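Visitor: Just passing along the structure, written as C-alpha cells.
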There are 2 protein chains.
Amino acid sequence: MAQTTASTPRAVSTARVREALIDAALELFARDGFDPTPTDRVAERAGVSSRTFFRYFPTKESVVFHRDHGFMRSFAAAYVAQPRDLDDYDAVRATFVALADGFGALRTRVETYRAAVDSSPVLIGREQEQLGAHAHTIAVAIAARHGVTAPRDEAYTLASVSLALYQRALRRWLDGPRSVELASLLDDEFVRLRALVT
Amino acid sequence: MAQTTASTPRAVSTARVREALIDAALELFARDGFDPTPTDRVAERAGVSSRTFFRYFPTKESVVFHRDHGFMRSFAAAYVAQPRDLDDYDAVRATFVALADGFGALRTRVETYRAAVDSSPVLIGREQEQLGAHAHTIAVAIAARHGVTAPRDEAYTLASVSLALYQRALRRWLDGPRSVELASLLDDEFVRLRALVT
DNA sequence: CATCTCGTGACAGTCGACTGTCACAAACGG
DNA sequence: CCGTTTGTGACAGTCGACTGTCACGAGATG
C-alpha cells in the first residue's frame with residue numbers, strides 16, 4: 001500500500017502531504033462529486049496551497065488513481081499458480097476468488113473510491129481504460145498457462161467476461177451487508193454464469 | 001436516424017445546422033481527439049459562430065451522443081419476439097444477432113463514432129453510463145419474458161456479460177475486414193463463451 | 001556552523017468550456 | 001403586408017484546470 005518509506009524528515013513530510021491530498025480528494029469527491037469540487041478545496045483540506053496540489057499530481061483526475069487497491073497487480077502470479085487440471089474458466093474464477101480473499105479490510109477505502117469514481121464520467125472513463133489494460137493482462141496470463149505468448153481471441157473474450165463478473169460482484173459487495181465476503185460473491189457470479197450458459 | 005422532419009424553412013435550417021455540427025464534431029474528434037479540439041473549431045467547421053454551438057448542445061460532450069445508432073432502442077421488442085423454447089442465453093444471443101443485421105451500412109459512421117469516443121476518457125465514461133442503462137434494459141427484458149417485472153440478479157449478470165461480448169464483437173468488427181458481418185462476430189462471441197464455460 | 005538544495009506559498013497568467021445580453025434579419029402568423 | 005417571434009453573430013464575462021516564476025525558509029551536505 002505504501003512504498004519504500006525513506007524515513008528522512010523531508011521524505012516523511014512529502015509522503016504525508018501526498019497522503020493528505022489523496023485522502024482529502026477521495027473524501028471530497030465521494031461526498032460532493034468530482035466535477036463540482038475544485039482542486040483548491042482539496043488542497044485547502046489537505047492543508048497545502050493550491051499550487052502544491054499540482055506539484056504532486058499532474059491532473060485533478062490522477063489523484064484518484066494513485067492509491068491502487070491493487071487487485072490486478074498480482075493476477076499473473078496467482079493465475080499460473082492454479083492447478084493444471086482446471087480449465088481456463090475455472091482457473092480464472094479461482095484466481096479472482098483467491099485475490100479477493102481478505103479484501104474485507106479495505107472495504108471502507110473501496111467504498112469511498114467507488115463513490116468518487118462513480119461521481120464523474122471522466123473517472124469512469126479512466127477506470128475503463130485501466131480495465132482494458134487488465135483485460136490484456138488476464139488474456140496474456142491465460143495464454144501463458146498454455147505456453148503461448150500471443151493470446152488468442154478466446155482469451156480476450158474470457159478476460160472481458162470475467163472482468164464484467166468482477167465488477168458485478170464488487171458492486172453487489174459494496175451494496176450488500178458487510179458480513180458477505182467479496183470472494184463468495186465473486187465465486188457466485190462465475191457459478192451463475194455457468195448455470196446460465198449451460 | 002432523422003426524426004419527424006417538419007419541412008418549414010426554419011426547421012430545415014436548424015436541422016441542417018444540427019447535422020453540420022454533429023458531423024463536424026465527430027470528424028474532428030475522431031481525427032484530432034476530443035480534448036484537443038475546441039468547440040470553436042467545431043463551430044467554425046460547421047459554418048456557424050462559436051456561440052451557436054451551445055445553443056444546440058448543452059455541453060461539448062453531448063454532441064457526440066445525439067446521433068444514436070440505436071442498437072439498444074429496439075432490444076425489448078426484439079427480445080420478447082424470440083421463440084419460447086430458447087433459454088435466456090440463447091434468446092439474448094439471438095436478439096443481439098438479429099439487431100446487428102444490416103448494421104454494415106452504418107460501418108463508416110460507427111468507425112468515426114468509435115474513434116471519437118475512444119479519444120477521451122470523458123466520452124468513454126459517458127458511453128459506460130449508457131451501457132449501464134442498457135444492462136438494465138436487457139435485464140428487464142429478460143425478467144419480462146419470464147413474466148416478472150423485477151429482474152433477478154442473474155438477469156443482470158447475463159446482461160452485463162452479453163454487453164461485454166457485444167463490445168468485443170463490435171471492436172473485432174471495426175478492426176477486421178469489411179467482408180465480415182457484425183452479426184456473425186456477435187454470434188461467434190456467444191458461441192465461444194459457451195465453449196469456454198462448459 | 002555555513003552553504004546549498006528543494007519543497008512551498010504567493011501571484012500572475014493562459015486557455016477553453018460555458019453563460020448573459022443585445023441587436024439584426026429572416027421567417028412566421030394574421 | 002406588417003408586427004412579432006426566433007435563430008444568430010458579436011462581445012463581454014465567469015470559472016476552474018493548469019503553468020511559470022520568484023523568493024523564502026527549513027532540511028540536506030560538507
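Each chain in the C-alpha cells gets a letter, A, B, ..., in the order shown, and its residues are numbered from 1; ligands are numbered from 1 in order too.
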Check every residue of chain C for an atom within 10 Å of chain B, counting only C-alpha atoms (C1' of nucleotides), and provide those that qualify as a list of chain:residue names.
Guide: C:DG16, C:DA17, C:DC18, C:DT19, C:DA26, C:DA27, C:DC28
Visitor: Let's have the selection written as a CSV table (one decimal), in the first residue's frame, with C-alpha atoms (C1' of nucleotides).
Guide:
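What ended up in part.csv:
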```
chain,number,residue,atom,x,y,z
C,16,DG,C1',-11.1,26.6,-23.0
C,17,DA,C1',-15.9,25.5,-21.6
C,18,DC,C1',-19.9,27.8,-20.9
C,19,DT,C1',-23.4,32.0,-20.0
C,26,DA,C1',-35.2,36.3,-41.7
C,27,DA,C1',-39.4,33.7,-41.1
C,28,DC,C1',-43.9,33.3,-39.1
```
Visitor: Would you superpose chain B on chain A, least squares on all C-alpha atoms in order, and hand back the fitted chain as a compact mmCIF listing (two decimals) with C-alpha atoms, in the first residue's frame?
Guide:
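The resulting file, selection.txt, is reproduced below:
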```
# COMPACT_ATOMS: atom_id res chain seq x y z
CA MET B 1 -0.04 0.01 0.06
CA ALA B 2 2.82 2.36 0.92
CA GLN B 3 6.08 2.05 -0.94
CA THR B 4 9.61 2.02 0.43
CA THR B 5 9.35 4.67 3.10
CA ALA B 6 12.64 6.54 3.21
CA SER B 7 12.47 7.97 6.72
CA THR B 8 14.47 11.11 6.11
CA PRO B 9 12.47 14.11 7.44
CA ARG B 10 11.90 15.58 4.03
CA ALA B 11 10.67 12.34 2.54
CA VAL B 12 8.36 11.83 5.48
CA SER B 13 6.92 15.25 4.98
CA THR B 14 6.26 14.87 1.27
CA ALA B 15 4.76 11.44 1.84
CA ARG B 16 2.47 12.94 4.44
CA VAL B 17 1.37 15.66 2.06
CA ARG B 18 0.74 13.17 -0.70
CA GLU B 19 -1.40 11.01 1.55
CA ALA B 20 -3.25 14.04 2.86
CA LEU B 21 -4.04 15.14 -0.67
CA ILE B 22 -5.27 11.72 -1.70
CA ASP B 23 -7.41 11.41 1.42
CA ALA B 24 -8.85 14.87 1.05
CA ALA B 25 -9.54 14.35 -2.64
CA LEU B 26 -11.23 10.98 -2.30
CA GLU B 27 -13.40 12.10 0.57
CA LEU B 28 -14.48 15.31 -1.09
CA PHE B 29 -15.04 13.70 -4.47
CA ALA B 30 -17.03 10.90 -2.90
CA ARG B 31 -19.17 13.27 -0.91
CA ASP B 32 -19.61 16.27 -3.21
CA GLY B 33 -18.75 14.84 -6.60
CA PHE B 34 -15.63 15.15 -8.68
CA ASP B 35 -16.70 17.87 -11.07
CA PRO B 36 -18.18 20.26 -8.51
CA THR B 37 -15.11 20.04 -6.28
CA PRO B 38 -12.32 22.45 -7.26
CA THR B 39 -8.73 21.45 -6.67
CA ASP B 40 -8.39 24.46 -4.40
CA ARG B 41 -10.80 22.90 -1.96
CA VAL B 42 -8.83 19.66 -1.96
CA ALA B 43 -5.59 21.49 -1.32
CA GLU B 44 -7.15 23.55 1.41
CA ARG B 45 -8.47 20.45 3.14
CA ALA B 46 -5.06 18.83 2.89
CA GLY B 47 -3.54 21.93 4.44
CA VAL B 48 -1.40 22.98 1.50
CA SER B 49 -1.63 25.71 -1.10
CA SER B 50 -3.50 25.29 -4.37
CA ARG B 51 -0.29 25.34 -6.31
CA THR B 52 1.12 22.46 -4.36
CA PHE B 53 -1.64 20.15 -5.48
CA PHE B 54 -0.25 20.26 -9.00
CA ARG B 55 3.24 19.67 -7.79
CA TYR B 56 2.13 16.28 -6.55
CA PHE B 57 -0.31 15.33 -9.26
CA PRO B 58 -0.25 16.31 -12.91
CA THR B 59 -4.04 16.48 -13.21
CA LYS B 60 -7.07 16.61 -10.98
CA GLU B 61 -8.06 13.13 -12.11
CA SER B 62 -4.77 11.49 -11.34
CA VAL B 63 -5.03 11.88 -7.60
CA VAL B 64 -7.87 9.38 -7.58
CA PHE B 65 -5.81 6.59 -9.07
CA HIS B 66 -2.63 6.96 -7.11
CA ARG B 67 -3.75 4.56 -4.47
CA ASP B 68 -4.08 1.32 -6.32
CA HIS B 69 -5.96 -1.12 -4.16
CA GLY B 70 -4.11 -3.39 -6.50
CA PHE B 71 -6.39 -6.21 -7.33
CA MET B 72 -4.81 -6.92 -10.66
CA ARG B 73 -1.23 -6.37 -9.73
CA SER B 74 -0.70 -9.96 -8.72
CA PHE B 75 -3.04 -11.57 -11.19
CA ALA B 76 -0.43 -13.20 -13.38
CA ALA B 77 1.40 -14.78 -10.46
CA ALA B 78 -1.76 -16.06 -8.85
CA TYR B 79 -3.02 -17.36 -12.15
CA VAL B 80 -0.11 -19.55 -13.09
CA ALA B 81 -0.21 -20.95 -9.58
CA GLN B 82 -3.58 -22.56 -10.28
CA PRO B 83 -3.73 -26.35 -10.55
CA ARG B 84 -3.11 -27.68 -14.04
CA ASP B 85 -6.31 -29.66 -14.23
CA LEU B 86 -8.56 -26.60 -14.09
CA ASP B 87 -9.84 -25.34 -17.40
CA ASP B 88 -9.40 -21.67 -18.24
CA TYR B 89 -12.75 -20.61 -16.87
CA ASP B 90 -12.24 -22.26 -13.51
CA ALA B 91 -8.67 -21.12 -13.29
CA VAL B 92 -9.72 -17.51 -13.82
CA ARG B 93 -12.52 -17.97 -11.37
CA ALA B 94 -10.20 -19.44 -8.74
CA THR B 95 -7.70 -16.68 -9.29
CA PHE B 96 -10.28 -13.96 -8.77
CA VAL B 97 -11.58 -15.64 -5.67
CA ALA B 98 -8.06 -16.02 -4.33
CA LEU B 99 -7.22 -12.39 -4.98
CA ALA B 100 -10.40 -11.24 -3.31
CA ASP B 101 -9.52 -13.03 -0.13
CA GLY B 102 -9.01 -10.70 2.77
CA PHE B 103 -10.30 -7.80 0.77
CA GLY B 104 -12.75 -7.05 3.53
CA ALA B 105 -10.25 -4.90 5.38
CA LEU B 106 -10.23 -2.45 2.51
CA ARG B 107 -13.99 -2.11 2.37
CA THR B 108 -14.28 1.46 3.60
CA ARG B 109 -11.49 2.58 1.30
CA VAL B 110 -13.09 0.87 -1.66
CA GLU B 111 -16.46 2.38 -0.85
CA THR B 112 -15.03 5.87 -0.94
CA TYR B 113 -13.08 5.15 -4.09
CA ARG B 114 -16.20 3.80 -5.82
CA ALA B 115 -18.33 6.75 -4.84
CA ALA B 116 -15.64 9.10 -6.06
CA VAL B 117 -15.18 7.38 -9.40
CA ASP B 118 -18.90 6.96 -9.97
CA SER B 119 -19.40 10.67 -9.47
CA SER B 120 -17.91 11.65 -12.80
CA PRO B 121 -17.71 10.33 -16.35
CA VAL B 122 -14.05 11.29 -16.58
CA LEU B 123 -13.15 8.97 -13.77
CA ILE B 124 -15.42 6.24 -15.05
CA GLY B 125 -13.63 6.56 -18.35
CA ARG B 126 -10.20 6.40 -16.79
CA GLU B 127 -11.15 3.33 -14.86
CA GLN B 128 -12.46 1.82 -18.04
CA GLU B 129 -9.10 2.38 -19.68
CA GLN B 130 -7.47 0.56 -16.80
CA LEU B 131 -9.90 -2.30 -17.18
CA GLY B 132 -8.82 -2.55 -20.79
CA ALA B 133 -5.26 -2.97 -19.62
CA HIS B 134 -6.37 -5.53 -17.07
CA ALA B 135 -8.15 -7.49 -19.77
CA HIS B 136 -4.90 -7.61 -21.63
CA THR B 137 -3.04 -8.79 -18.53
CA ILE B 138 -5.54 -11.57 -17.99
CA ALA B 139 -5.50 -12.62 -21.61
CA VAL B 140 -1.73 -12.80 -21.56
CA ALA B 141 -1.81 -14.87 -18.39
CA ILE B 142 -4.27 -17.27 -19.95
CA ALA B 143 -2.06 -17.62 -22.98
CA ALA B 144 0.99 -18.11 -20.79
CA ARG B 145 -0.61 -21.03 -18.98
CA HIS B 146 -0.99 -22.64 -22.37
CA GLY B 147 2.65 -21.95 -23.08
CA VAL B 148 1.88 -19.33 -25.71
CA THR B 149 2.90 -15.70 -25.73
CA ALA B 150 0.28 -14.17 -28.01
CA PRO B 151 -3.22 -14.59 -26.55
CA ARG B 152 -5.88 -15.97 -28.85
CA ASP B 153 -9.14 -14.16 -29.33
CA GLU B 154 -10.89 -16.50 -26.93
CA ALA B 155 -8.57 -15.42 -24.16
CA TYR B 156 -9.72 -11.85 -24.58
CA THR B 157 -13.32 -12.94 -24.55
CA LEU B 158 -12.84 -14.76 -21.28
CA ALA B 159 -10.88 -11.85 -19.87
CA SER B 160 -13.60 -9.35 -20.73
CA VAL B 161 -16.34 -11.52 -19.39
CA SER B 162 -14.56 -12.25 -16.15
CA LEU B 163 -13.93 -8.55 -15.60
CA ALA B 164 -17.63 -7.94 -16.14
CA LEU B 165 -18.35 -10.53 -13.47
CA TYR B 166 -15.78 -8.92 -11.21
CA GLN B 167 -17.45 -5.57 -11.50
CA ARG B 168 -20.84 -7.04 -10.77
CA ALA B 169 -19.50 -8.82 -7.72
CA LEU B 170 -17.78 -5.70 -6.49
CA ARG B 171 -20.96 -3.69 -6.72
CA ARG B 172 -23.03 -6.34 -5.03
CA TRP B 173 -20.41 -6.46 -2.30
CA LEU B 174 -20.50 -2.74 -1.70
CA ASP B 175 -24.29 -2.59 -1.84
CA GLY B 176 -24.80 -5.58 0.42
CA PRO B 177 -24.23 -6.27 4.10
CA ARG B 178 -20.70 -6.24 5.46
CA SER B 179 -21.02 -9.83 6.53
CA VAL B 180 -20.83 -11.10 2.97
CA GLU B 181 -17.36 -11.71 1.56
CA LEU B 182 -16.33 -10.37 -1.82
CA ALA B 183 -14.75 -13.72 -2.60
CA SER B 184 -18.04 -15.52 -2.20
CA LEU B 185 -19.91 -13.08 -4.39
CA LEU B 186 -17.23 -13.41 -7.00
CA ASP B 187 -17.48 -17.15 -6.95
CA ASP B 188 -21.23 -16.79 -7.11
CA GLU B 189 -21.09 -14.77 -10.30
CA PHE B 190 -18.92 -17.33 -12.03
CA VAL B 191 -21.22 -20.11 -10.93
CA ARG B 192 -24.27 -18.22 -12.08
CA LEU B 193 -22.85 -17.56 -15.48
CA ARG B 194 -22.04 -21.21 -15.93
CA ALA B 195 -25.60 -22.07 -14.96
CA LEU B 196 -26.94 -19.50 -17.41
CA VAL B 197 -24.87 -20.68 -20.30
CA THR B 198 -25.27 -24.40 -19.98
```
Visitor: For chain D, list the residues within 9 Å of chain A, counting only C-alpha atoms (C1' of nucleotides), and write the list as a list in words.
Guide: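 Using only C-alpha atoms (C1' of nucleotides), chain D residues at most 9 Å from chain A: DG16, DA17, DC18, DG27 and DA28 of chain D.
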Visitor: As number ranges by chain, which residues of range 14-194 of chain A does DSSP assign to alpha helix (DSSP H)?
Guide: A: 14-32, 39-46, 50-56, 75-80, 88-100, 107-118, 121-145, 153-175, 182-194
Visitor: Please, what distance in Å, to one decimal, runs between C1' of DA2 in chain C and C1' of DT21 in chain D?
Guide: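 Here the two named atoms are 27.4 Å from each other.
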Visitor: For a quick check of understanding, using only C-alpha atoms (C1' of nucleotides), which of D:DA23, D:DG3, D:DT8, D:DG30 has the smallest distance to DA10 in chain C?
Guide: D:DA23
Visitor: So what do you get for C1' of DC15 in chain D versus C1' of DA12 in chain C, distance-wise?
Guide: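 So the answer is 16.5 Å.
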Visitor: Work out how far apart C1' of DG9 in chain C and C1' of DT29 in chain D are and give it in Å to one decimal.
Guide: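 Straight-line distance from C1' of DG9 in chain C to C1' of DT29 in chain D works out to 25.3 Å.
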